[in-house]
>>> print(open('coords.txt').read())   # compact mmCIF, C-alpha atoms
# COMPACT_ATOMS: atom_id res chain seq x y z
CA MET B 223 175.79 164.73 105.70
CA SER B 224 174.02 166.72 108.33
CA ASP B 225 171.74 165.30 110.97
CA ALA B 226 168.72 166.85 109.25
CA GLU B 227 169.56 165.18 105.95
CA ARG B 228 170.05 161.80 107.65
CA ALA B 229 166.68 162.14 109.39
CA ALA B 230 164.94 163.03 106.14
CA GLY B 231 166.56 160.06 104.39
CA GLY B 232 165.48 157.67 107.16
CA ALA B 233 161.90 158.89 106.98
CA ALA B 234 161.84 158.45 103.22
CA GLY B 235 163.23 154.93 103.55
CA GLY B 236 160.58 154.03 106.13
CA CYS B 237 157.81 155.28 103.88
CA LEU B 238 159.18 153.28 100.97
CA THR B 239 159.30 150.10 103.08
CA LEU B 240 155.71 150.63 104.24
CA MET B 241 154.55 151.14 100.65
CA LEU B 242 156.22 147.91 99.55
CA LEU B 243 154.61 145.94 102.37
CA CYS B 244 151.15 147.31 101.61
CA GLY B 245 151.60 146.65 97.93
CA GLY B 246 152.58 143.05 98.68
CA CYS B 247 149.48 142.53 100.78
CA LEU B 248 147.29 144.00 98.09
CA GLY B 249 148.93 141.83 95.48
CA ILE B 250 148.42 138.66 97.47
CA SER B 251 144.80 139.46 98.22
CA ALA B 252 144.21 140.18 94.56
CA LEU B 253 145.19 136.60 93.67
CA PHE B 254 142.00 135.23 95.29
CA SER B 255 138.41 136.15 94.67
CA PRO B 256 136.19 136.68 97.75
CA SER B 257 134.61 133.26 97.23
CA ASP B 258 138.01 131.58 96.92
CA TYR B 259 139.13 133.28 100.05
CA ASP B 260 136.09 132.06 101.93
CA GLN B 261 136.70 128.50 100.75
CA HIS B 262 140.31 128.52 101.81
CA THR B 263 139.43 129.92 105.21
CA THR B 264 136.55 127.48 106.03
CA PRO B 265 137.19 126.02 109.51
CA VAL B 266 138.14 122.31 109.67
CA THR B 267 135.31 121.52 112.09
CA THR B 268 132.79 122.89 109.61
CA GLN B 269 134.21 120.69 106.84
CA LEU B 270 133.96 117.58 109.07
CA ARG B 271 130.40 118.43 110.02
CA VAL B 272 129.43 118.72 106.36
CA VAL B 273 131.01 115.33 105.60
CA ASP B 274 129.20 113.70 108.53
CA GLU B 275 125.87 115.15 107.45
CA GLU B 276 126.38 113.84 103.91
CA LYS B 277 127.24 110.39 105.31
CA GLU B 278 124.11 110.37 107.48
CA GLU B 279 122.00 111.31 104.48
CA LYS B 280 123.45 108.41 102.45
CA GLU B 281 122.90 105.76 105.19
CA GLU B 282 119.37 104.41 105.22
CA PRO B 283 117.85 103.40 108.56
CA LYS B 284 117.80 99.64 109.18
CA ASP B 285 114.58 97.88 110.06
CA ALA B 286 114.26 95.22 112.75
CA ALA B 287 114.39 92.34 110.25
CA GLN B 288 117.64 93.57 108.75
CA ILE B 289 119.25 94.03 112.16
CA TYR B 290 118.13 90.55 113.24
CA ALA B 291 119.32 89.00 109.97
CA GLU B 292 122.74 90.60 110.34
CA SER B 293 122.99 89.25 113.89
CA MET B 294 122.02 85.77 112.69
CA TYR B 295 124.57 85.95 109.89
CA ASP B 296 127.33 87.04 112.28
CA LEU B 297 126.45 84.15 114.59
CA GLU B 298 126.53 81.63 111.74
CA VAL B 299 129.87 83.02 110.60
CA LEU B 300 131.31 82.41 114.06
CA THR B 301 129.86 78.90 114.09
CA TYR B 302 131.23 78.21 110.62
CA GLU B 303 134.70 79.40 111.59
CA GLN B 304 134.71 77.12 114.64
CA GLU B 305 133.45 74.13 112.63
CA HIS B 306 135.97 74.82 109.88
CA ARG B 307 138.86 74.81 112.34
CA GLU B 308 137.63 71.50 113.78
CA TRP B 309 137.20 70.08 110.28
CA GLU B 310 140.73 71.07 109.27
CA GLU B 311 142.14 69.32 112.34
CA LEU B 312 140.10 66.17 111.69
CA ALA B 313 140.84 66.13 107.96
CA LYS B 314 144.54 66.40 108.70
CA ASN B 315 144.34 63.29 110.93
CA GLU B 316 141.77 61.40 108.86
CA ASP B 317 144.10 58.49 108.01
CA GLU B 318 145.11 58.05 111.63
CA LEU B 319 141.46 58.10 112.71
CA ALA B 320 140.59 55.46 110.12
CA GLN B 321 143.42 53.21 111.30
CA GLU B 322 142.42 53.65 114.93
CA LEU B 323 138.83 52.79 114.02
CA GLU B 324 139.90 49.54 112.37
CA VAL B 325 141.98 48.63 115.43
CA LYS B 326 139.07 49.23 117.81
CA LYS B 327 136.72 47.20 115.62
CA TYR B 328 139.22 44.35 115.58
CA GLU B 329 139.58 44.53 119.37
CA LEU B 330 135.81 44.39 119.76
CA ASP B 331 135.48 41.40 117.45
CA SER B 332 138.35 39.66 119.26
CA LEU B 333 136.89 39.97 122.74
CA PRO B 334 136.36 36.47 124.18
CA VAL B 335 132.74 35.85 125.10
CA PRO B 336 132.48 34.07 128.47
CA GLU B 337 130.73 30.73 128.42
CA ALA B 338 127.52 30.43 130.35
CA PRO B 339 127.34 27.72 133.04
CA LYS B 340 126.35 24.38 131.58
CA PRO B 341 122.83 23.23 132.40
CA GLN B 342 122.70 20.80 135.30
CA THR B 343 121.56 17.21 134.95
CA GLU B 344 119.55 15.21 137.39
CA ARG B 345 121.52 13.53 140.17
CA THR B 346 120.91 11.83 143.52
CA TRP B 347 120.94 13.99 146.62
CA THR B 348 121.41 12.57 150.13
CA ALA B 349 120.49 14.10 153.48
CA LEU B 350 123.24 14.24 156.11
CA GLY B 351 123.00 11.57 158.85
CA SER B 352 120.28 9.54 157.13
CA ASN B 353 119.67 7.31 154.18
CA ILE B 354 117.03 9.65 152.70
CA THR B 355 117.79 10.31 149.04
CA THR B 356 116.02 12.02 146.18
CA LYS B 357 116.65 12.54 142.50
CA ALA B 358 116.61 16.21 141.51
CA THR B 359 118.31 18.87 139.37
CA LEU B 360 120.15 21.83 140.89
CA VAL B 361 118.32 25.00 139.86
CA ASP B 362 119.90 27.76 141.94
CA THR B 363 121.94 28.46 145.06
CA ASP B 364 123.43 31.34 147.03
CA ASN B 365 125.88 28.88 148.63
CA GLU B 366 123.63 28.64 151.68
CA ASN B 367 120.21 27.71 150.31
CA VAL B 368 119.81 25.18 147.51
CA THR B 369 116.85 25.06 145.12
CA LEU B 370 116.18 21.66 143.58
CA ARG B 371 113.67 20.52 140.95
CA LYS B 372 112.52 16.96 141.52
CA THR B 373 111.67 14.44 138.82
CA ASP B 374 107.94 15.16 139.14
CA GLY B 375 108.61 18.89 138.52
CA GLN B 376 108.14 19.95 142.12
CA THR B 377 110.61 22.60 143.35
CA VAL B 378 112.00 22.41 146.87
CA SER B 379 114.46 24.55 148.82
CA VAL B 380 116.83 23.06 151.40
CA LYS B 381 119.75 24.25 153.47
CA LYS B 382 123.16 23.35 152.08
CA GLU B 383 124.31 22.27 155.54
CA ILE B 384 121.85 19.34 155.70
CA LEU B 385 123.40 17.70 152.64
CA VAL B 386 126.20 15.18 152.70
CA GLY B 387 129.76 16.27 151.97
CA GLY B 388 129.74 15.27 148.31
CA ASP B 389 126.53 17.20 147.67
CA ARG B 390 127.87 20.26 149.49
CA ALA B 391 131.04 20.12 147.39
CA PHE B 392 128.92 19.91 144.24
CA VAL B 393 126.90 22.96 145.29
CA GLN B 394 130.10 24.86 146.19
CA SER B 395 131.62 24.08 142.79
CA PHE B 396 128.45 25.12 140.96
CA TRP B 397 128.27 28.41 142.88
CA GLU B 398 131.96 29.27 142.28
CA LYS B 399 131.72 28.52 138.55
CA ARG B 400 128.59 30.62 138.19
CA LYS B 401 130.11 33.49 140.16
CA LYS B 402 133.24 33.40 138.01
CA SER B 403 131.12 33.30 134.87
CA GLU B 404 129.11 36.33 136.02
CA GLU B 405 132.31 38.28 136.77
CA LEU B 406 133.75 37.45 133.36
CA LEU B 407 130.48 38.41 131.70
CA ALA B 408 130.41 41.76 133.53
CA GLU B 409 134.01 42.46 132.46
CA TYR B 410 133.13 41.54 128.89
CA HIS B 411 130.16 43.91 128.82
CA THR B 412 132.25 46.73 130.33
CA GLU B 413 135.03 46.32 127.77
CA SER B 414 132.56 45.81 124.94
CA ASN B 415 130.61 48.97 125.82
CA SER B 416 133.83 50.98 126.10
CA LEU B 417 135.04 49.83 122.68
CA SER B 418 131.61 50.45 121.14
CA THR B 419 131.64 54.01 122.48
CA MET B 420 135.12 54.61 121.07
CA ILE B 421 134.04 53.23 117.70
CA GLU B 422 130.99 55.52 117.61
CA GLU B 423 133.14 58.55 118.45
CA LEU B 424 135.71 57.67 115.78
CA GLU B 425 132.99 57.11 113.18
CA ALA B 426 131.47 60.48 114.07
CA LYS B 427 134.86 62.19 113.69
CA LEU B 428 135.51 60.49 110.34
CA SER B 429 132.05 61.50 109.15
CA LYS B 430 132.76 65.07 110.19
CA ALA B 431 136.18 64.97 108.51
CA GLY B 432 134.50 63.94 105.26
CA SER B 433 131.98 66.78 105.37
CA LYS B 434 133.58 70.14 104.78
CA PRO B 435 131.57 72.93 106.43
CA VAL B 436 129.71 75.21 104.04
CA PRO B 437 130.05 78.97 104.56
CA PRO B 438 126.81 80.67 105.60
CA ASP B 439 124.71 82.07 102.78
CA LYS B 440 124.00 85.66 103.74
CA GLU B 441 121.32 86.09 101.09
CA ARG B 442 119.52 82.93 102.20
CA ILE B 443 119.63 84.02 105.84
CA PHE B 444 118.19 87.40 104.95
CA GLU B 445 115.44 85.75 102.89
CA VAL B 446 114.55 83.36 105.72
CA VAL B 447 114.50 86.16 108.29
CA GLN B 448 112.43 88.38 106.02
CA ALA B 449 109.97 85.52 105.51
CA GLU B 450 109.77 84.93 109.27
CA PHE B 451 109.16 88.61 109.91
CA ARG B 452 106.50 88.71 107.20
CA GLU B 453 104.76 85.74 108.77
CA ARG B 454 105.04 87.38 112.18
CA GLU B 455 103.64 90.64 110.83
CA GLN B 456 100.81 88.78 109.14
CA GLU B 457 100.05 86.96 112.38
CA GLU B 458 100.14 90.23 114.30
CA ARG B 459 97.82 91.83 111.75
CA ARG B 460 95.52 88.82 111.96
CA LEU B 461 95.46 89.03 115.76
CA GLN B 462 94.88 92.76 115.64
CA ALA B 463 92.06 92.28 113.14
CA GLU B 464 90.57 89.55 115.32
CA MET B 465 90.84 91.75 118.40
CA LYS B 466 89.24 94.60 116.48
CA ARG B 467 86.40 92.34 115.34
CA GLU B 468 85.85 91.19 118.91
CA ALA B 469 85.97 94.78 120.17
CA ASP B 470 83.58 95.89 117.42
CA ALA B 471 81.27 93.01 118.29
CA ARG B 472 81.30 94.00 121.97
CA ILE B 473 80.66 97.62 121.03
CA ALA B 474 77.83 96.53 118.75
CA VAL B 475 76.29 94.43 121.53
CA ARG B 476 76.55 97.31 123.98
CA GLN B 477 75.11 99.64 121.36
CA ARG B 478 72.19 97.30 120.73
CA GLU B 479 71.64 96.98 124.45
CA ALA B 480 71.80 100.76 124.81
CA ASP B 481 69.42 101.19 121.86
CA ALA B 482 67.09 98.62 123.38
CA ARG B 483 67.20 100.40 126.73
CA LYS B 484 66.65 103.75 125.07
CA GLY B 485 63.82 102.36 122.96
CA ARG B 486 62.26 100.86 126.04
CA GLU B 487 62.71 104.10 127.96
CA ASP B 488 61.14 105.97 125.05
CA ARG B 489 58.16 103.58 125.05
CA ILE B 490 57.73 104.13 128.78
CA THR B 491 58.16 107.91 128.47
CA ARG B 492 55.51 108.12 125.75
CA GLN B 493 52.96 106.60 128.15
CA PHE B 494 53.18 109.65 130.44
CA ASN B 495 51.96 113.20 130.04
CA SER B 496 55.01 115.39 129.44
CA TRP B 497 53.32 118.34 131.16
CA ASN B 498 52.30 116.94 134.55
CA GLY B 499 53.84 113.41 134.51
CA SER B 500 50.53 111.53 134.74
CA HIS B 501 50.00 108.22 132.96
CA ILE B 502 47.73 109.01 130.03
CA ASN B 503 45.75 105.75 129.87
CA VAL B 504 45.47 105.41 133.65
CA VAL B 505 44.00 108.92 133.81
CA LYS B 506 41.49 107.96 131.13
CA ALA B 507 40.55 104.79 133.00
CA VAL B 508 40.12 106.71 136.26
CA LYS B 509 38.00 109.40 134.62
CA ARG B 510 35.68 106.75 133.22
CA GLN B 511 34.94 105.61 136.78
CA MET B 512 34.57 109.09 138.33
CA ASN B 513 31.26 110.76 139.16
CA ASP B 514 32.53 114.00 137.65
CA ALA B 515 35.36 113.46 135.19
CA GLY B 516 35.72 117.19 134.72
CA SER B 517 36.71 117.62 138.35
CA PHE B 518 39.83 115.41 137.92
CA GLU B 519 42.96 117.11 139.18
CA HIS B 520 46.28 115.23 138.97
CA VAL B 521 48.56 115.46 142.01
CA GLU B 522 51.40 112.96 141.57
CA THR B 523 52.28 109.80 139.63
CA ARG B 524 55.00 107.27 140.35
CA TYR B 525 55.73 103.92 138.71
CA ARG B 526 57.66 100.71 139.26
CA ASP B 527 59.21 98.83 136.33
CA HIS B 528 58.78 95.02 136.35
CA GLY B 529 60.39 94.38 132.98
CA ASP B 530 57.29 93.27 131.08
CA SER B 531 54.87 95.61 132.86
CA LEU B 532 54.62 98.76 134.99
CA THR B 533 52.82 99.42 138.24
CA ILE B 534 51.43 102.95 138.33
CA PHE B 535 50.78 104.76 141.60
CA MET B 536 48.67 107.90 141.05
CA GLU B 537 47.34 110.47 143.52
CA PHE B 538 44.56 112.81 142.34
CA ARG B 539 41.61 114.95 143.46
CA GLY B 540 38.03 114.78 142.27
CA LYS B 541 34.43 115.33 143.33
CA ASN B 542 32.59 112.51 145.01
CA ALA B 543 28.89 111.74 144.77
CA TYR B 544 28.12 114.53 147.24
CA GLY B 545 30.03 117.15 145.25
CA GLY B 546 32.92 117.37 147.67
CA LYS B 547 36.46 117.30 146.31
CA ILE B 548 38.54 114.56 147.90
CA LEU B 549 42.10 113.20 147.58
CA SER B 550 42.25 109.67 146.19
CA ASN B 551 44.89 107.11 145.20
CA VAL B 552 44.82 104.39 142.56
CA THR B 553 47.17 101.58 141.62
CA ALA B 554 47.21 100.35 138.05
CA LYS B 555 49.08 97.68 136.16
CA VAL B 556 49.89 98.49 132.53
CA ASP B 557 51.77 96.61 129.81
CA MET B 558 54.70 98.03 127.85
CA LYS B 559 52.31 99.52 125.29
CA GLY B 560 50.52 101.48 128.02
CA ASN B 561 47.35 99.38 128.06
CA VAL B 562 45.74 99.27 131.49
CA LEU B 563 45.57 95.67 132.68
CA SER B 564 44.11 96.31 136.14
CA LEU B 565 43.03 99.27 138.25
CA SER B 566 42.42 99.42 141.99
CA SER B 567 41.90 102.24 144.46
CA PHE B 568 42.95 102.54 148.10
>>> encode(input="coords.txt", output="structure tokens")
Amino acid sequence: MSDAERAAGGAAGGCLTLMLLCGGCLGISALFSPSDYDQHTTPVTTQLRVVDEEKEEKEEPKDAAQIYAESMYDLEVLTYEQEHREWEELAKNEDELAQELEVKKYELDSLPVPEAPKPQTERTWTALGSNITTKATLVDTDNENVTLRKTDGQTVSVKKEILVGGDRAFVQSFWEKRKKSEELLAEYHTESNSLSTMIEELEAKLSKAGSKPVPPDKERIFEVVQAEFREREQEERRLQAEMKREADARIAVRQREADARKGREDRITRQFNSWNGSHINVVKAVKRQMNDAGSFEHVETRYRDHGDSLTIFMEFRGKNAYGGKILSNVTAKVDMKGNVLSLSSF
């Protein structure tokens, strides 16, 4: 075969291979519709985002009461678990605790109670170095001073050292016996209190061992919390309503005060001439006293408010008895209706 034939054969083989590859691609692409292809080529991140959005849509937001109730429930669960572990330990040793309790009770009942010093009887006491004697009963002593109660009921205190040897020995014996009795009594109370405390602790443990903890009731907790929140909301609404009523009342008072001020201002304003500012009734009163009322010419009017009355200061011109026009001033007192109460000139 010539080189030309081999070249032609190679070219034909290459074309055939290319056609097969293209046909394979077309065949594979024909297996899927455009929509199927899009679905199979959706990025993974997009799929996760869609799932997360669906999850967020399904989860409803929790209100404050629900969050608080869940926290309370979790806390009670922890408490229950702790109490249950303690109960299991106590229940396992319940028989031993009961036996120990009986032993401690027996020990308490068996404690010997110290005897109190026997009451003293009257005897004869003698002073050292003399024949002075007295009949009395020993009441108390600190081993230095001796308190005696005589037959007539009188109480006396003497020094131990002034008594004869037999009396001093009697006092010494009494003091030692009482001291020993007090020590024994203190030891008894200490031991008795210790055993009583142990008995109380054992009884508490046995009581706890006999009471199995109850798991927390989630529904009950939620109901209680919801009720508390409802009460709190009602109280808040009540307080808000009360605050609103108080605010409305204050606004109403201020409005009434403003209306009263405005009404008062209106009553005062109506007393004056809107054109030149003169007081209408004062002008009339002045004109009645003028020689020539037609010559009245208003210059200026001022007033002072006294609450229940006004003082009017008016300056005007008018002809006198000689026909000359002069400047005059008057002061008038008027009530809130504008009635002239007094009029004076200066």
>>> atom_distance(input="coords.txt", atom1="CA of Leu300 in chain B", atom2="CA of Glu425 in chain B")
25.4 Å
>>> residues_around(input="coords.txt", residues="Thr301 in chain B", least_positions_apart="4", cutoff="10 Å", atoms="only C-alpha atoms", output="mmCIF file with C-alpha atoms, in the frame of the given file")
data_model
loop_
_atom_site.group_PDB
_atom_site.id
_atom_site.type_symbol
_atom_site.label_atom_id
_atom_site.label_comp_id
_atom_site.auth_asym_id
_atom_site.auth_seq_id
_atom_site.Cartn_x
_atom_site.Cartn_y
_atom_site.Cartn_z
ATOM 1 C CA TYR B 295 124.570 85.950 109.890
ATOM 2 C CA ASP B 296 127.330 87.040 112.280
ATOM 3 C CA LEU B 297 126.450 84.150 114.590
ATOM 4 C CA GLU B 305 133.450 74.130 112.630
ATOM 5 C CA HIS B 306 135.970 74.820 109.880
ATOM 6 C CA PRO B 435 131.570 72.930 106.430
ATOM 7 C CA PRO B 437 130.050 78.970 104.560
ATOM 8 C CA PRO B 438 126.810 80.670 105.600
#
>>> residues_near_point(input="coords.txt", point="(114.9, 25.2, 139.4)", cutoff="7 Å", atoms="all atoms listed in the file", output="mmCIF file with C-alpha atoms, in the coordinates of the input")
data_model
loop_
_atom_site.group_PDB
_atom_site.id
_atom_site.type_symbol
_atom_site.label_atom_id
_atom_site.label_comp_id
_atom_site.auth_asym_id
_atom_site.auth_seq_id
_atom_site.Cartn_x
_atom_site.Cartn_y
_atom_site.Cartn_z
ATOM 1 C CA LEU B 360 120.150 21.830 140.890
ATOM 2 C CA VAL B 361 118.320 25.000 139.860
ATOM 3 C CA ASP B 362 119.900 27.760 141.940
ATOM 4 C CA THR B 369 116.850 25.060 145.120
ATOM 5 C CA LEU B 370 116.180 21.660 143.580
ATOM 6 C CA ARG B 371 113.670 20.520 140.950
ATOM 7 C CA THR B 377 110.610 22.600 143.350
#
>>> closest_residue(input="coords.txt", among="B:Gln511, B:Thr523, B:Arg486, B:Gly516", to="Asp557 in chain B", atoms="all atoms listed in the file")
B:Arg486
>>> residues_around(input="coords.txt", residues="Ile443 in chain B", least_positions_apart="4", cutoff="12 Å", atoms="all atoms listed in the file", output="list in words")
Ala287, Gln288, Ile289, Tyr290, Ala291, Glu292, Ser293, Met294, Tyr295, Asp296, Leu297, Glu298, Val299, Pro437, Pro438, Asp439, Val447, Gln448, Ala449 and Glu450 of chain B
>>> residues_near_point(input="coords.txt", point="(30.9, 116.4, 145.2)", cutoff="12 Å", atoms="all atoms listed in the file", output="list in words")
Met512, Asn513, Asp514, Ala515, Gly516, Ser517, Phe518, Arg539, Gly540, Lys541, Asn542, Ala543, Tyr544, Gly545, Gly546, Lys547, Ile548 and Leu549 of chain B
>>> atom_distance(input="coords.txt", atom1="CA of Gly499 in chain B", atom2="CA of Glu479 in chain B")
26.2 Å
